[in-house]
Amino acid sequence: MTLLPAASYVATLQDALAAEHASVYAYGALAGRLATSSPAQERAADGYREHLERRDALIAQVAGSGAVPTPAEPAYAIPVRITGPSSAARVARQVEDRCAVHYAAVVAVAEAKQRAFALDAWTDCATRLLGWDGRATALPGLEQP
Amino acid sequence: MLRTTTMMAGAVALTLTGCSSIESGLGPSEETPSGRPAENLDEPLLRAARADQQRVLAICLAVLRSHPRLAEDLEPVISHHRLHVRTLGGTTADTPRRRTAPRKPVAAVALLAETESTAAADRAKDAMEAVSGDFARVLGAISASQAQHAVLLRAVVAARGNGAAP
């Protein structure tokens, strides 16, 4: 008999998935509002693709555990008005900070052999943040952004 | 802020008492199947990670001693490393000295970038071996921080390598 993963692990995956749905939406919005082919728009497009991949991987993991993956909301409020690269960067930094916190939570409850994905995604968030003028910190994902 | 009720529910306030040792996170409540506390099982990993982070800090300090003009780039990195060592229960006074650094600033920063990158990978590997989830989380954060350092230091190398700075 195969044991199903502990509920709290699936719950943290679902939370990370909800965050990734929002990230995909936010990066899509950024890419749509930034100047065509500008460096910021290209960075937003990269962020969109990378979060999309993480989102799909999380959907597969949640479904694989026997749970129903959290669906995306129809829309997400982005309280910062995106008028250019600097307001876009503010949104992107929030996205990355938020995702890092969620992946840290996944690592904390995952079985040792299940941690690789979240560790990898966590590092990606921490380094992508730097591309949006984010600052390096001692413990990304554990500190209050 | 991006906000949905689902996201807010998951956004648990996470704080880490910066100066306290990780050992508080490896409490005896975390029992393993054998009944031994996870604290004991992770002890060798903790000791090795601490020693390695002290070594990384020592390399950074050696580079700063040889190249004081790199202070602006290195000081934040060094302060993170001090916190990493303390978080792993070490003291920064134990840091081994007597290290030399490459004479050329660019080469010294490139060495640091490489060191950070390797340490980031090593702590991620440790995080996959830790028994305690809380310990794994701390190791993951240290790994992510060092991945950030590697990116920033490589950017310094690229800028200096292009003759943008002496």
# chains A, B, ... in the order shown; residues from 1 in each chain; ligands from 1
>>> interface_residues(of="chain A", to="chain B", cutoff="8 Å", atoms="only C-alpha atoms", output="MDAnalysis selection string")
chainID A and resid 12 15:16 18:19 22 76:80 91 94:95 98 101:102 104:105 107:116 119 122:123 126:127 130 136:144
>>> residues_around(residues="B:Arg65", least_positions_apart="6", cutoff="10 Å", atoms="only C-alpha atoms", output="list in words")
Ile59, Ala71, Arg99, Thr100 and Ala101 of chain B
>>> residues_around(residues="A:Gly134", least_positions_apart="6", cutoff="10 Å", atoms="only C-alpha atoms", output="JSON list (two decimals) with C-alpha atoms, in the first residue's frame")
[["chain", "number", "residue", "atom", "x", "y", "z"],
["A", 89, "ALA", "CA", 10.08, 46.10, -10.45],
["A", 90, "ARG", "CA", 8.16, 46.77, -7.25],
["A", 92, "ALA", "CA", 8.01, 41.72, -9.38],
["A", 93, "ARG", "CA", 9.92, 41.97, -6.09],
["A", 94, "GLN", "CA", 6.70, 41.32, -4.17],
["A", 96, "GLU", "CA", 9.47, 36.85, -5.77],
["A", 97, "ASP", "CA", 9.48, 37.57, -2.03],
["A", 126, "ALA", "CA", 15.91, 34.81, -4.65],
["A", 127, "THR", "CA", 18.12, 35.38, -7.68],
["A", 128, "ARG", "CA", 15.36, 36.65, -9.99]]
>>> atom_distance(atom1="atom CA of A:Arg81", atom2="atom CA of A:Glu42")
19.1 Å
>>> closest_residue(among="B:Thr92, B:Arg154, B:Ala110, B:Thr118", to="B:Gln54", atoms="only C-alpha atoms")
B:Thr92
>>> atom_distance(atom1="atom CA of B:Leu61", atom2="atom CA of B:Val85")
13.6 Å
>>> atom_distance(atom1="atom CA of A:Tyr25", atom2="atom CA of A:Ala44")
11.0 Å
>>> select_by_dssp(residues="stretch 65-132 of chain B", states="helix (DSSP H, G or I)", output="VMD selection string")
chain B and resid 65 to 66 68 to 87 92 to 94 105 to 129
>>> residues_around(residues="B:Gly161", least_positions_apart="5", cutoff="10 Å", atoms="only C-alpha atoms", output="list in words")
Pro105, Val106, Ala107, Ala155, Val156 and Pro166 of chain B
>>> write_last_selection(atoms="N, CA, C and O atoms", output="PDB file, in the first residue's frame")
ATOM      1  N   PRO B 105      42.163  42.166  -8.041  1.00  0.00           N
ATOM      2  CA  PRO B 105      40.800  42.255  -7.496  1.00  0.00           C
ATOM      3  C   PRO B 105      39.791  41.409  -8.290  1.00  0.00           C
ATOM      4  O   PRO B 105      38.959  40.722  -7.687  1.00  0.00           O
ATOM      5  N   VAL B 106      39.868  41.462  -9.618  1.00  0.00           N
ATOM      6  CA  VAL B 106      38.891  40.717 -10.428  1.00  0.00           C
ATOM      7  C   VAL B 106      39.003  39.215 -10.145  1.00  0.00           C
ATOM      8  O   VAL B 106      37.993  38.519 -10.001  1.00  0.00           O
ATOM      9  N   ALA B 107      40.256  38.752 -10.037  1.00  0.00           N
ATOM     10  CA  ALA B 107      40.462  37.327  -9.772  1.00  0.00           C
ATOM     11  C   ALA B 107      39.951  36.964  -8.379  1.00  0.00           C
ATOM     12  O   ALA B 107      39.374  35.893  -8.167  1.00  0.00           O
ATOM     13  N   ALA B 155      28.456  39.703 -11.404  1.00  0.00           N
ATOM     14  CA  ALA B 155      28.195  40.990 -12.057  1.00  0.00           C
ATOM     15  C   ALA B 155      29.357  41.953 -11.808  1.00  0.00           C
ATOM     16  O   ALA B 155      29.732  42.731 -12.696  1.00  0.00           O
ATOM     17  N   VAL B 156      29.935  41.894 -10.608  1.00  0.00           N
ATOM     18  CA  VAL B 156      31.104  42.739 -10.302  1.00  0.00           C
ATOM     19  C   VAL B 156      32.270  42.339 -11.209  1.00  0.00           C
ATOM     20  O   VAL B 156      32.949  43.194 -11.784  1.00  0.00           O
ATOM     21  N   PRO B 166      38.673  50.203 -11.929  1.00  0.00           N
ATOM     22  CA  PRO B 166      40.059  49.715 -11.822  1.00  0.00           C
ATOM     23  C   PRO B 166      40.137  48.363 -11.121  1.00  0.00           C
ATOM     24  O   PRO B 166      39.299  48.061 -10.316  1.00  0.00           O
TER      25      PRO B 166
END
>>> closest_residue(among="A:Ala45, A:Val24, A:Leu13, A:Ala40", to="A:Ala63", atoms="only C-alpha atoms")
A:Leu13
>>> decode(residues="stretch 44-56 of chain A", atoms="all heavy atoms", output="CSV table (one decimal), in the first residue's frame")
chain,number,residue,atom,x,y,z
A,44,ALA,N,10.3,40.5,-17.7
A,44,ALA,CA,9.0,40.1,-17.2
A,44,ALA,C,8.5,38.9,-18.0
A,44,ALA,O,7.9,38.0,-17.4
A,44,ALA,CB,8.0,41.2,-17.5
A,45,ALA,N,8.8,38.8,-19.3
A,45,ALA,CA,8.5,37.6,-20.1
A,45,ALA,C,9.2,36.4,-19.6
A,45,ALA,O,8.6,35.3,-19.5
A,45,ALA,CB,8.8,37.9,-21.6
A,46,ASP,N,10.5,36.6,-19.2
A,46,ASP,CA,11.2,35.4,-18.6
A,46,ASP,C,10.6,35.0,-17.3
A,46,ASP,O,10.4,33.8,-17.1
A,46,ASP,CB,12.7,35.8,-18.3
A,46,ASP,CG,13.5,36.0,-19.6
A,46,ASP,OD1,13.0,35.5,-20.7
A,46,ASP,OD2,14.6,36.6,-19.5
A,47,GLY,N,10.2,36.0,-16.5
A,47,GLY,CA,9.6,35.7,-15.2
A,47,GLY,C,8.3,34.9,-15.4
A,47,GLY,O,8.0,34.0,-14.7
A,48,TYR,N,7.5,35.4,-16.4
A,48,TYR,CA,6.2,34.7,-16.7
A,48,TYR,C,6.5,33.3,-17.1
A,48,TYR,O,5.8,32.4,-16.5
A,48,TYR,CB,5.6,35.5,-17.9
A,48,TYR,CG,4.3,34.8,-18.4
A,48,TYR,CD1,3.1,35.1,-17.8
A,48,TYR,CD2,4.3,34.0,-19.5
A,48,TYR,CE1,1.9,34.5,-18.2
A,48,TYR,CE2,3.2,33.4,-19.9
A,48,TYR,CZ,2.0,33.7,-19.3
A,48,TYR,OH,0.8,33.1,-19.7
A,49,ARG,N,7.4,33.0,-18.0
A,49,ARG,CA,7.7,31.6,-18.4
A,49,ARG,C,8.2,30.7,-17.2
A,49,ARG,O,7.7,29.6,-17.1
A,49,ARG,CB,8.8,31.6,-19.5
A,49,ARG,CG,8.2,31.7,-20.9
A,49,ARG,CD,9.3,31.3,-21.9
A,49,ARG,NE,10.5,32.2,-21.7
A,49,ARG,CZ,10.6,33.4,-22.3
A,49,ARG,NH1,9.6,33.9,-23.0
A,49,ARG,NH2,11.7,34.2,-22.1
A,50,GLU,N,9.1,31.3,-16.4
A,50,GLU,CA,9.6,30.5,-15.3
A,50,GLU,C,8.6,30.2,-14.3
A,50,GLU,O,8.5,29.1,-13.8
A,50,GLU,CB,10.8,31.3,-14.7
A,50,GLU,CG,12.0,31.2,-15.7
A,50,GLU,CD,13.1,32.3,-15.5
A,50,GLU,OE1,13.1,32.9,-14.4
A,50,GLU,OE2,13.9,32.5,-16.4
A,51,HIS,N,7.7,31.2,-14.0
A,51,HIS,CA,6.7,30.9,-13.0
A,51,HIS,C,5.6,30.0,-13.6
A,51,HIS,O,5.0,29.2,-12.8
A,51,HIS,CB,6.1,32.2,-12.5
A,51,HIS,CG,6.9,32.9,-11.5
A,51,HIS,ND1,7.0,32.5,-10.2
A,51,HIS,CD2,7.8,33.9,-11.6
A,51,HIS,CE1,7.9,33.3,-9.5
A,51,HIS,NE2,8.4,34.2,-10.4
A,52,LEU,N,5.4,30.1,-14.8
A,52,LEU,CA,4.4,29.1,-15.5
A,52,LEU,C,4.9,27.7,-15.3
A,52,LEU,O,4.1,26.8,-15.0
A,52,LEU,CB,4.4,29.5,-17.0
A,52,LEU,CG,3.1,29.1,-17.8
A,52,LEU,CD1,1.9,29.7,-17.3
A,52,LEU,CD2,3.3,29.4,-19.3
A,53,GLU,N,6.2,27.5,-15.5
A,53,GLU,CA,6.8,26.1,-15.4
A,53,GLU,C,6.6,25.6,-14.0
A,53,GLU,O,6.3,24.5,-13.7
A,53,GLU,CB,8.3,26.1,-15.7
A,53,GLU,CG,8.5,25.9,-17.2
A,53,GLU,CD,10.0,26.0,-17.5
A,53,GLU,OE1,10.8,25.5,-16.7
A,53,GLU,OE2,10.3,26.5,-18.6
A,54,ARG,N,6.9,26.5,-13.0
A,54,ARG,CA,6.8,26.1,-11.6
A,54,ARG,C,5.3,25.8,-11.3
A,54,ARG,O,5.0,24.9,-10.6
A,54,ARG,CB,7.3,27.2,-10.7
A,54,ARG,CG,8.7,27.5,-10.8
A,54,ARG,CD,9.6,26.4,-10.4
A,54,ARG,NE,11.0,26.7,-10.5
A,54,ARG,CZ,12.0,25.8,-10.4
A,54,ARG,NH1,11.7,24.5,-10.2
A,54,ARG,NH2,13.2,26.1,-10.5
A,55,ARG,N,4.4,26.6,-11.8
A,55,ARG,CA,3.0,26.4,-11.6
A,55,ARG,C,2.5,25.1,-12.1
A,55,ARG,O,1.9,24.3,-11.4
A,55,ARG,CB,2.2,27.5,-12.3
A,55,ARG,CG,0.7,27.5,-12.0
A,55,ARG,CD,-0.1,28.1,-13.1
A,55,ARG,NE,0.0,27.4,-14.3
A,55,ARG,CZ,-0.6,27.8,-15.5
A,55,ARG,NH1,-1.3,28.9,-15.5
A,55,ARG,NH2,-0.4,27.1,-16.6
A,56,ASP,N,3.0,24.8,-13.3
A,56,ASP,CA,2.6,23.5,-13.9
A,56,ASP,C,3.2,22.3,-13.1
A,56,ASP,O,2.5,21.3,-12.9
A,56,ASP,CB,3.0,23.4,-15.4
A,56,ASP,CG,2.2,24.4,-16.2
A,56,ASP,OD1,1.1,24.9,-15.7
A,56,ASP,OD2,2.6,24.6,-17.4
